[in-house]
Amino acid sequence: MLKRALAWGCAAVMAIGTAAIAESPVSAESPRRGSLPRISVSDATANEADGVLSFEVSLDKTSDYDVSAVYVTRNGSAKRWRDYVWTVAVATIPAGETTTTIDVDIIDDDREEATETMKLRFKYAFGARRGDRLGTGTITDNDGPLNVNLIHINDHHSHLGEEDGDLDLGTSVGEFEHTLGGFPRVVTKINELDAALENSVKIHAGDAITGTLFYSLFSGEADAALMNQVCFDMFALGNHEFDDGDAALAGFIGELNSDPSVCETPVIAANVVPEVGTPLQPTADASLIQPYVIKEFDGQKVAFVGIDIAQKTQVSSSPLETTQFLDEVETAQASVDELAAMGIDNVVLVTHYQYENDLALASQVTGIDAIVGGDSHSLLGDYGPLGLNTSGDYPTITTNADGDTVCVVQAWQYSYLVGELNLTFDDGKITECGGNPHLLVDEPFVIEVDDEDVVLEGDQRQEVLDAIEASPIVDLVSPDAATSALLETFSEQVDVLAGQVIGSATEDLCLERIPGQGRSSICAIDEVSASGAVSNVNGGFIQQIVTDAFASRAFRADFALQNAGGVREDIAAGDVTIADAFNLLPFSNTLVELELSGAEVALVLEQAVSNFIEEGGSTGSYPYASGLRWDVDLTQPNGSRFSNLEVKQDDGTWSALDPAATYVVATNSFIASGRDGYLAFGVAFDEGRVVDTFIDYAQGFIDYLEQDAGGVLTVPDPSDFSTQSIIQAP
């Protein structure tokens with residue numbers, strides 16, 4: 001049998017060679033051999049799943065006639081008929097050209113094995129001299145475990161610049177202030193991870209735009225420019241992408257893909273279906289959105305399916321009525337089934353659907369392996385000991401409807417953090433997942449000493465640096481220089497916008513914490529305390545106005561309640577600018593709606609005051625409310641300080657707070673989680689009785705001034721002030 005195969009092979013080579021010679025135009029008058037072109041064969045690499053090795057055969061110069069060469073395959077560690085198909089081939093390069101290819105079929109045996117090689121050997125040529133005579137074919141396997149690394153962010157909401165943060169790393173300095181995030185640091189960290197990790201995928205899980213002056217001025221242009229410094233492998237749509245409608249979103253996507261030669265970012269959302277002829281789908285075969293992205297690594301394919309939060313996007317943003325938002329769970333399963341029919345069983349959902357929803361979705365869908373999420377701004381990982389509120393583990397391990405492992409992650413918010421999820425796929429399932437979130441911090445490190453900010457130096461600074469170096473979830477990151485320079489071109493224009501006048505104040509709007517404390521820099525104590533000779537109101541005018549703004553912009557709220565320290569400056573009589581609004585409310589807070597009983601409202605008021613009387617906390621926890629008022633006696637024991645609690649009704653009358661009734665309370669996201677002594681808020685927050693509107697609270701104030709207050713700020717009526725009377729502590 002072997003002799004017969006060898007004899008057949010030799011006969012085939014001779015037959016092919018004879019045919020090639022017979023067809024050649026070369027004659028006795030052809031150029032001398034030394035002037036003939038030299039023919040060579042290159043190496044080739046392919047995965048079993050590719051099905052073919054393509055060897056390039058080339059001449060070192062063109063010829064006036066066709067050149068033919070005969071090649072035959074030979075075993076290496078790869079064996080004929082087991083790993084590849086034995087082949088005898090003639091490579092013919094037409095006159096005037098220099099290259100052609102020889103394809104050798106390879107066999108996908110569904111068996112895990114090491115990388116193997118075979119040879120393509122030159123036999124002879126006519127019309128050319130022999131060059132490199134042996135090409136090596138490398139066959140990689142697609143049946144073993146596959147490692148893929150996902151680098152991800154979400155919900156940066158046009159927060160492109162750095163901000164201030166606070167951490168306690170357990171050092172002797174205690175809590176310290178640091179520089180936090182900013183997109184130039186995001187770029188640095190993603191580039192670092194991308195270079196260090198094999199099979200990396202860069203993901204943005206939605207809500208890139210709206211939230212700061214960078215969007216107000218540039219409508220996504222600045223966000224797109226900085227995102228292109230990363231060049232994400234995909235961008236999943238979030239609800240806020242539709243805040244200004246489909247046309248504005250189409251413009252943003254256009255900016256994101258304005259120069260495909262530099263960066264091209266697919267936009268994914270399987271459950272978003274625009275109508276043909278609308279901005280997101282101009283023609284039947286030209287959509288700006290695709291359902292998924294398929295990536296291939298080592299011959300194995302991984303699909304990334306986009307899912308946007310449907311109902312929230314429809315009712316809280318401004319999509320066209322014709323744009324459909326399909327059910328998230330049904331769409332996810334339909335996408336998995338479609339991909340399975342294509343032979344793809346490694347599936348990652350890239351969702352903008354909220355952390356808890358992701359966990360529920362995972363349990364209802366078969367065939368998914370991981371979820372990279374957004375929308376709920378969830379901080380995952382072991383950040384609790386560092387003084388940050390966390391929602392769960394990074395990654396959170398759960399199971400799908402098949403009972404197989406699903407790894408769920410999210411990367412907080414506002415360019416603060418980059419997530420790194422390490423996945424191992426094997427036979428369509430996750431066998432291992434790990435990784436870390438990376439909080440992006442930088443110097444200077446600052447502590448407060450005797451009400452003064454002090455920059456850490458010497459041993460204290462080094463102690464903090466050592467603690468960061470030892471932490472797997474906090475990284476010291478410098479901003480990318482090119483991205484910083486690009487950001488500066490936009491920041492200069494934002495500075496101009498900040499001076500834009502958005503309204504006026506009819507009189508000085510005094511800042512105060514506890515009525516009569518004297519925190520204002522432009523008002524006397526008498527002006528903010530009814531016990532004085534000048535004013536008949538109790539408390540800060542501007543705190544009261546800001547709380548009114550919260551109540552107005554959180555449309556479901558029965559009343560608003562906030563901490564005095566969340567408002568930072570007086571507003572002088574005269575013009576009010578955008579800069580005034582952001583200086584007044586400088587933190588990265590959003591408007592949050594909590595559901596509380598009347599009894600819990602009464603409790604949280606007592607807790608807020610107890611925070612600075614018994615607990616030694618900041619007087620900034622003193623409460624202000626809109627649509628809720630009280631009398632307070634700070635000489636009484638905890639639990640007995642507040643009386644005459646009343647809620648304002650729609651008709652303008654006041655009635656007693658009902659301890660058994662449920663109220664929707666608007667507040668800022670800082671105290672909503674239980675900070676500053678508002679512990680009852682934290683209980684409701686942890687129990688899920690919370691809706692974060694993700695309206696930036698400074699933007700909410702701007703909208704209130706422009707849209708609700710007619711552009712004019714005045715001191716509210718004394719009867720609407722939250723503190724109707726106060727007896728000060730001795």
# chains A, B, ... in the order shown; residues from 1 in each chain; ligands from 1
>>> residues_around(residues="A:Gln462", least_positions_apart="4", cutoff="12 Å", atoms="only C-alpha atoms", output="PDB file with N, CA and C atoms, in the first residue's frame")
ATOM      1  N   THR A 171      -2.925  53.561  56.562  1.00  0.00           N
ATOM      2  CA  THR A 171      -1.612  54.073  56.955  1.00  0.00           C
ATOM      3  C   THR A 171      -1.758  54.979  58.173  1.00  0.00           C
ATOM      4  N   SER A 172      -0.647  55.442  58.681  1.00  0.00           N
ATOM      5  CA  SER A 172      -0.672  56.310  59.859  1.00  0.00           C
ATOM      6  C   SER A 172      -1.273  57.675  59.559  1.00  0.00           C
ATOM      7  N   VAL A 173      -1.356  58.055  58.275  1.00  0.00           N
ATOM      8  CA  VAL A 173      -1.906  59.376  57.943  1.00  0.00           C
ATOM      9  C   VAL A 173      -3.422  59.365  57.942  1.00  0.00           C
ATOM     10  N   GLU A 443      -0.785  61.816  42.785  1.00  0.00           N
ATOM     11  CA  GLU A 443      -0.417  62.881  43.710  1.00  0.00           C
ATOM     12  C   GLU A 443      -0.948  64.219  43.197  1.00  0.00           C
ATOM     13  N   PRO A 444      -1.012  65.240  44.080  1.00  0.00           N
ATOM     14  CA  PRO A 444      -0.534  65.271  45.455  1.00  0.00           C
ATOM     15  C   PRO A 444      -1.489  64.578  46.426  1.00  0.00           C
ATOM     16  N   PHE A 445      -0.922  64.098  47.555  1.00  0.00           N
ATOM     17  CA  PHE A 445      -1.708  63.543  48.649  1.00  0.00           C
ATOM     18  C   PHE A 445      -1.815  64.612  49.728  1.00  0.00           C
ATOM     19  N   LEU A 456       1.336  65.884  51.724  1.00  0.00           N
ATOM     20  CA  LEU A 456       2.221  64.912  52.360  1.00  0.00           C
ATOM     21  C   LEU A 456       3.593  64.922  51.708  1.00  0.00           C
ATOM     22  N   GLU A 457       4.602  64.835  52.548  1.00  0.00           N
ATOM     23  CA  GLU A 457       5.986  64.773  52.081  1.00  0.00           C
ATOM     24  C   GLU A 457       6.736  63.740  52.900  1.00  0.00           C
ATOM     25  N   GLY A 458       7.956  63.453  52.500  1.00  0.00           N
ATOM     26  CA  GLY A 458       8.854  62.610  53.271  1.00  0.00           C
ATOM     27  C   GLY A 458       8.298  61.231  53.575  1.00  0.00           C
ATOM     28  N   ASP A 466       3.809  53.354  49.272  1.00  0.00           N
ATOM     29  CA  ASP A 466       4.018  51.917  49.513  1.00  0.00           C
ATOM     30  C   ASP A 466       2.687  51.182  49.632  1.00  0.00           C
ATOM     31  N   ALA A 467       1.717  51.832  50.278  1.00  0.00           N
ATOM     32  CA  ALA A 467       0.398  51.202  50.429  1.00  0.00           C
ATOM     33  C   ALA A 467      -0.293  51.051  49.076  1.00  0.00           C
ATOM     34  N   ILE A 468      -0.141  52.037  48.217  1.00  0.00           N
ATOM     35  CA  ILE A 468      -0.718  51.941  46.873  1.00  0.00           C
ATOM     36  C   ILE A 468      -0.033  50.831  46.091  1.00  0.00           C
ATOM     37  N   GLU A 469       1.281  50.757  46.187  1.00  0.00           N
ATOM     38  CA  GLU A 469       2.032  49.714  45.481  1.00  0.00           C
ATOM     39  C   GLU A 469       1.597  48.326  45.934  1.00  0.00           C
TER      40      GLU A 469
END
>>> select_by_dssp(residues="stretch 398-588 of chain A", states="strand (DSSP E or B)", output="PyMOL selection string")
chain A and resi 398-399+405-409+417-426+429-449+452-455+474-476+501-505+509+538+559-563+571+574-577
>>> select_by_dssp(residues="stretch 186-281 of chain A", states="alpha helix (DSSP H)", output="PyMOL selection string")
chain A and resi 186-196+213-218+221-230+245-256
>>> write_last_selection(atoms="C-alpha atoms", output="PDB file, in the first residue's frame")
ATOM      1  CA  VAL A 186      -7.891  56.047  31.741  1.00  0.00           C
ATOM      2  CA  VAL A 187      -5.866  56.096  28.520  1.00  0.00           C
ATOM      3  CA  THR A 188      -2.617  55.416  30.371  1.00  0.00           C
ATOM      4  CA  LYS A 189      -4.058  52.458  32.278  1.00  0.00           C
ATOM      5  CA  ILE A 190      -5.875  50.885  29.339  1.00  0.00           C
ATOM      6  CA  ASN A 191      -2.787  51.154  27.145  1.00  0.00           C
ATOM      7  CA  GLU A 192      -0.687  49.590  29.895  1.00  0.00           C
ATOM      8  CA  LEU A 193      -3.066  46.653  30.335  1.00  0.00           C
ATOM      9  CA  ASP A 194      -3.550  46.228  26.597  1.00  0.00           C
ATOM     10  CA  ALA A 195       0.208  45.905  26.109  1.00  0.00           C
ATOM     11  CA  ALA A 196       0.664  43.488  29.001  1.00  0.00           C
ATOM     12  CA  LEU A 213     -19.877  71.185  30.586  1.00  0.00           C
ATOM     13  CA  PHE A 214     -17.794  69.159  28.136  1.00  0.00           C
ATOM     14  CA  TYR A 215     -21.035  67.756  26.777  1.00  0.00           C
ATOM     15  CA  SER A 216     -23.030  70.964  27.172  1.00  0.00           C
ATOM     16  CA  LEU A 217     -20.522  72.761  24.950  1.00  0.00           C
ATOM     17  CA  PHE A 218     -19.302  70.067  22.548  1.00  0.00           C
ATOM     18  CA  GLU A 221     -17.156  65.799  20.247  1.00  0.00           C
ATOM     19  CA  ALA A 222     -14.798  66.022  23.234  1.00  0.00           C
ATOM     20  CA  ASP A 223     -15.865  62.604  24.538  1.00  0.00           C
ATOM     21  CA  ALA A 224     -15.362  61.008  21.118  1.00  0.00           C
ATOM     22  CA  ALA A 225     -11.941  62.595  20.680  1.00  0.00           C
ATOM     23  CA  LEU A 226     -10.698  61.260  24.009  1.00  0.00           C
ATOM     24  CA  MET A 227     -12.344  57.862  23.553  1.00  0.00           C
ATOM     25  CA  ASN A 228     -10.474  57.550  20.271  1.00  0.00           C
ATOM     26  CA  GLN A 229      -7.219  57.877  22.210  1.00  0.00           C
ATOM     27  CA  VAL A 230      -8.120  54.441  23.560  1.00  0.00           C
ATOM     28  CA  GLY A 245     -32.526  62.181  20.489  1.00  0.00           C
ATOM     29  CA  ASP A 246     -31.478  59.842  17.702  1.00  0.00           C
ATOM     30  CA  ALA A 247     -30.016  62.561  15.493  1.00  0.00           C
ATOM     31  CA  ALA A 248     -27.651  63.799  18.216  1.00  0.00           C
ATOM     32  CA  LEU A 249     -26.611  60.211  18.923  1.00  0.00           C
ATOM     33  CA  ALA A 250     -25.923  59.675  15.220  1.00  0.00           C
ATOM     34  CA  GLY A 251     -23.712  62.754  15.332  1.00  0.00           C
ATOM     35  CA  PHE A 252     -21.792  61.386  18.299  1.00  0.00           C
ATOM     36  CA  ILE A 253     -21.295  58.032  16.570  1.00  0.00           C
ATOM     37  CA  GLY A 254     -20.067  59.951  13.529  1.00  0.00           C
ATOM     38  CA  GLU A 255     -17.509  61.753  15.685  1.00  0.00           C
ATOM     39  CA  LEU A 256     -16.457  58.436  17.192  1.00  0.00           C
TER      40      LEU A 256
END
>>> closest_atom_pairs(of="stretch 595-617 of chain A", to="stretch 668-675 of chain A", cutoff="12 Å", atoms="only C-alpha atoms", output="CSV")
residue,atom,partner,partner_atom,distance
A:Glu595,CA,A:Ala672,CA,10.8
A:Leu596,CA,A:Ala672,CA,11.4
A:Val604,CA,A:Gly674,CA,9.5
A:Gln607,CA,A:Gly674,CA,10.3
A:Ala608,CA,A:Arg675,CA,9.6
A:Asn611,CA,A:Arg675,CA,10.1
A:Gly617,CA,A:Arg675,CA,10.8
>>> write_last_selection(atoms="C-alpha atoms", output="CSV table (one decimal), in the first residue's frame")
chain,number,residue,atom,x,y,z
A,595,GLU,CA,-38.6,55.5,49.2
A,596,LEU,CA,-38.9,56.0,53.0
A,604,VAL,CA,-33.0,60.4,59.6
A,607,GLN,CA,-29.5,61.1,62.9
A,608,ALA,CA,-28.3,64.0,60.9
A,611,ASN,CA,-24.0,63.2,63.7
A,617,GLY,CA,-19.1,64.8,62.9
>>> atom_distance(atom1="atom CA of A:Gln290", atom2="atom CA of A:Val348")
15.0 Å
>>> closest_residue(among="A:Ala485, A:Leu339, A:Ile726, A:Ala625", to="A:Lys301", atoms="only C-alpha atoms")
A:Leu339
>>> closest_atom_pairs(of="stretch 112-209 of chain A", to="stretch 575-588 of chain A", cutoff="12 Å", atoms="only C-alpha atoms", output="JSON lines")
{"residue": "A:His156", "atom": "CA", "partner": "A:Ser588", "partner_atom": "CA", "distance": 11.4}
{"residue": "A:His157", "atom": "CA", "partner": "A:Ser588", "partner_atom": "CA", "distance": 10.8}
{"residue": "A:Ser158", "atom": "CA", "partner": "A:Ser588", "partner_atom": "CA", "distance": 11.8}
{"residue": "A:His159", "atom": "CA", "partner": "A:Ser588", "partner_atom": "CA", "distance": 9.2}
{"residue": "A:Gly161", "atom": "CA", "partner": "A:Ser588", "partner_atom": "CA", "distance": 11.9}
{"residue": "A:Glu162", "atom": "CA", "partner": "A:Ser588", "partner_atom": "CA", "distance": 11.2}
{"residue": "A:Glu163", "atom": "CA", "partner": "A:Ser588", "partner_atom": "CA", "distance": 8.5}
{"residue": "A:Asp164", "atom": "CA", "partner": "A:Phe587", "partner_atom": "CA", "distance": 8.7}
{"residue": "A:Gly165", "atom": "CA", "partner": "A:Phe587", "partner_atom": "CA", "distance": 9.8}
{"residue": "A:Leu180", "atom": "CA", "partner": "A:Ser588", "partner_atom": "CA", "distance": 11.5}
>>> write_last_selection(atoms="N, CA and C atoms", output="PDB file, in the first residue's frame")
ATOM      1  N   HIS A 156     -18.854  57.087  31.987  1.00  0.00           N
ATOM      2  CA  HIS A 156     -17.939  58.203  32.293  1.00  0.00           C
ATOM      3  C   HIS A 156     -18.647  59.557  32.186  1.00  0.00           C
ATOM      4  N   HIS A 157     -19.799  59.606  31.508  1.00  0.00           N
ATOM      5  CA  HIS A 157     -20.694  60.771  31.559  1.00  0.00           C
ATOM      6  C   HIS A 157     -19.975  62.102  31.348  1.00  0.00           C
ATOM      7  N   SER A 158     -19.130  62.165  30.358  1.00  0.00           N
ATOM      8  CA  SER A 158     -18.429  63.404  29.991  1.00  0.00           C
ATOM      9  C   SER A 158     -17.534  63.935  31.115  1.00  0.00           C
ATOM     10  N   HIS A 159     -17.229  63.100  32.097  1.00  0.00           N
ATOM     11  CA  HIS A 159     -16.267  63.485  33.139  1.00  0.00           C
ATOM     12  C   HIS A 159     -14.871  63.190  32.589  1.00  0.00           C
ATOM     13  N   GLY A 161     -12.054  65.404  32.888  1.00  0.00           N
ATOM     14  CA  GLY A 161     -10.954  65.904  33.706  1.00  0.00           C
ATOM     15  C   GLY A 161     -10.832  65.174  35.023  1.00  0.00           C
ATOM     16  N   GLU A 162      -9.709  65.344  35.681  1.00  0.00           N
ATOM     17  CA  GLU A 162      -9.480  64.726  36.987  1.00  0.00           C
ATOM     18  C   GLU A 162     -10.305  65.422  38.052  1.00  0.00           C
ATOM     19  N   GLU A 163     -10.545  64.725  39.146  1.00  0.00           N
ATOM     20  CA  GLU A 163     -11.296  65.271  40.273  1.00  0.00           C
ATOM     21  C   GLU A 163     -10.553  64.941  41.563  1.00  0.00           C
ATOM     22  N   ASP A 164     -11.147  65.274  42.694  1.00  0.00           N
ATOM     23  CA  ASP A 164     -10.555  64.977  43.998  1.00  0.00           C
ATOM     24  C   ASP A 164     -11.278  63.795  44.624  1.00  0.00           C
ATOM     25  N   GLY A 165     -10.519  62.921  45.276  1.00  0.00           N
ATOM     26  CA  GLY A 165     -11.097  61.796  45.987  1.00  0.00           C
ATOM     27  C   GLY A 165     -10.484  61.656  47.360  1.00  0.00           C
ATOM     28  N   LEU A 180      -8.001  62.101  41.466  1.00  0.00           N
ATOM     29  CA  LEU A 180      -8.743  60.897  41.092  1.00  0.00           C
ATOM     30  C   LEU A 180      -9.106  60.926  39.615  1.00  0.00           C
TER      31      LEU A 180
END
>>> residues_around(residues="A:Leu380", least_positions_apart="3", cutoff="6 Å", atoms="only C-alpha atoms", output="PDB file with C-alpha atoms, in the first residue's frame")
ATOM      1  CA  THR A 390     -19.155  48.741  47.203  1.00  0.00           C
ATOM      2  CA  SER A 391     -21.981  46.704  45.689  1.00  0.00           C
ATOM      3  CA  GLY A 392     -20.360  43.282  45.418  1.00  0.00           C
ATOM      4  CA  ASP A 393     -17.345  41.219  44.428  1.00  0.00           C
ATOM      5  CA  TYR A 394     -15.173  41.812  41.373  1.00  0.00           C
TER       6      TYR A 394
END
>>> atom_distance(atom1="atom CA of A:Lys312", atom2="atom CA of A:Tyr353")
9.4 Å
>>> residues_around(residues="A:Thr714", least_positions_apart="2", cutoff="7 Å", atoms="only C-alpha atoms", output="list in words")
Ala505, Thr506, Glu507, Val712 and Pro716 of chain A
>>> closest_residue(among="A:Leu591, A:Leu146, A:Ala572, A:Val477", to="A:Tyr416", atoms="only C-alpha atoms")
A:Val477
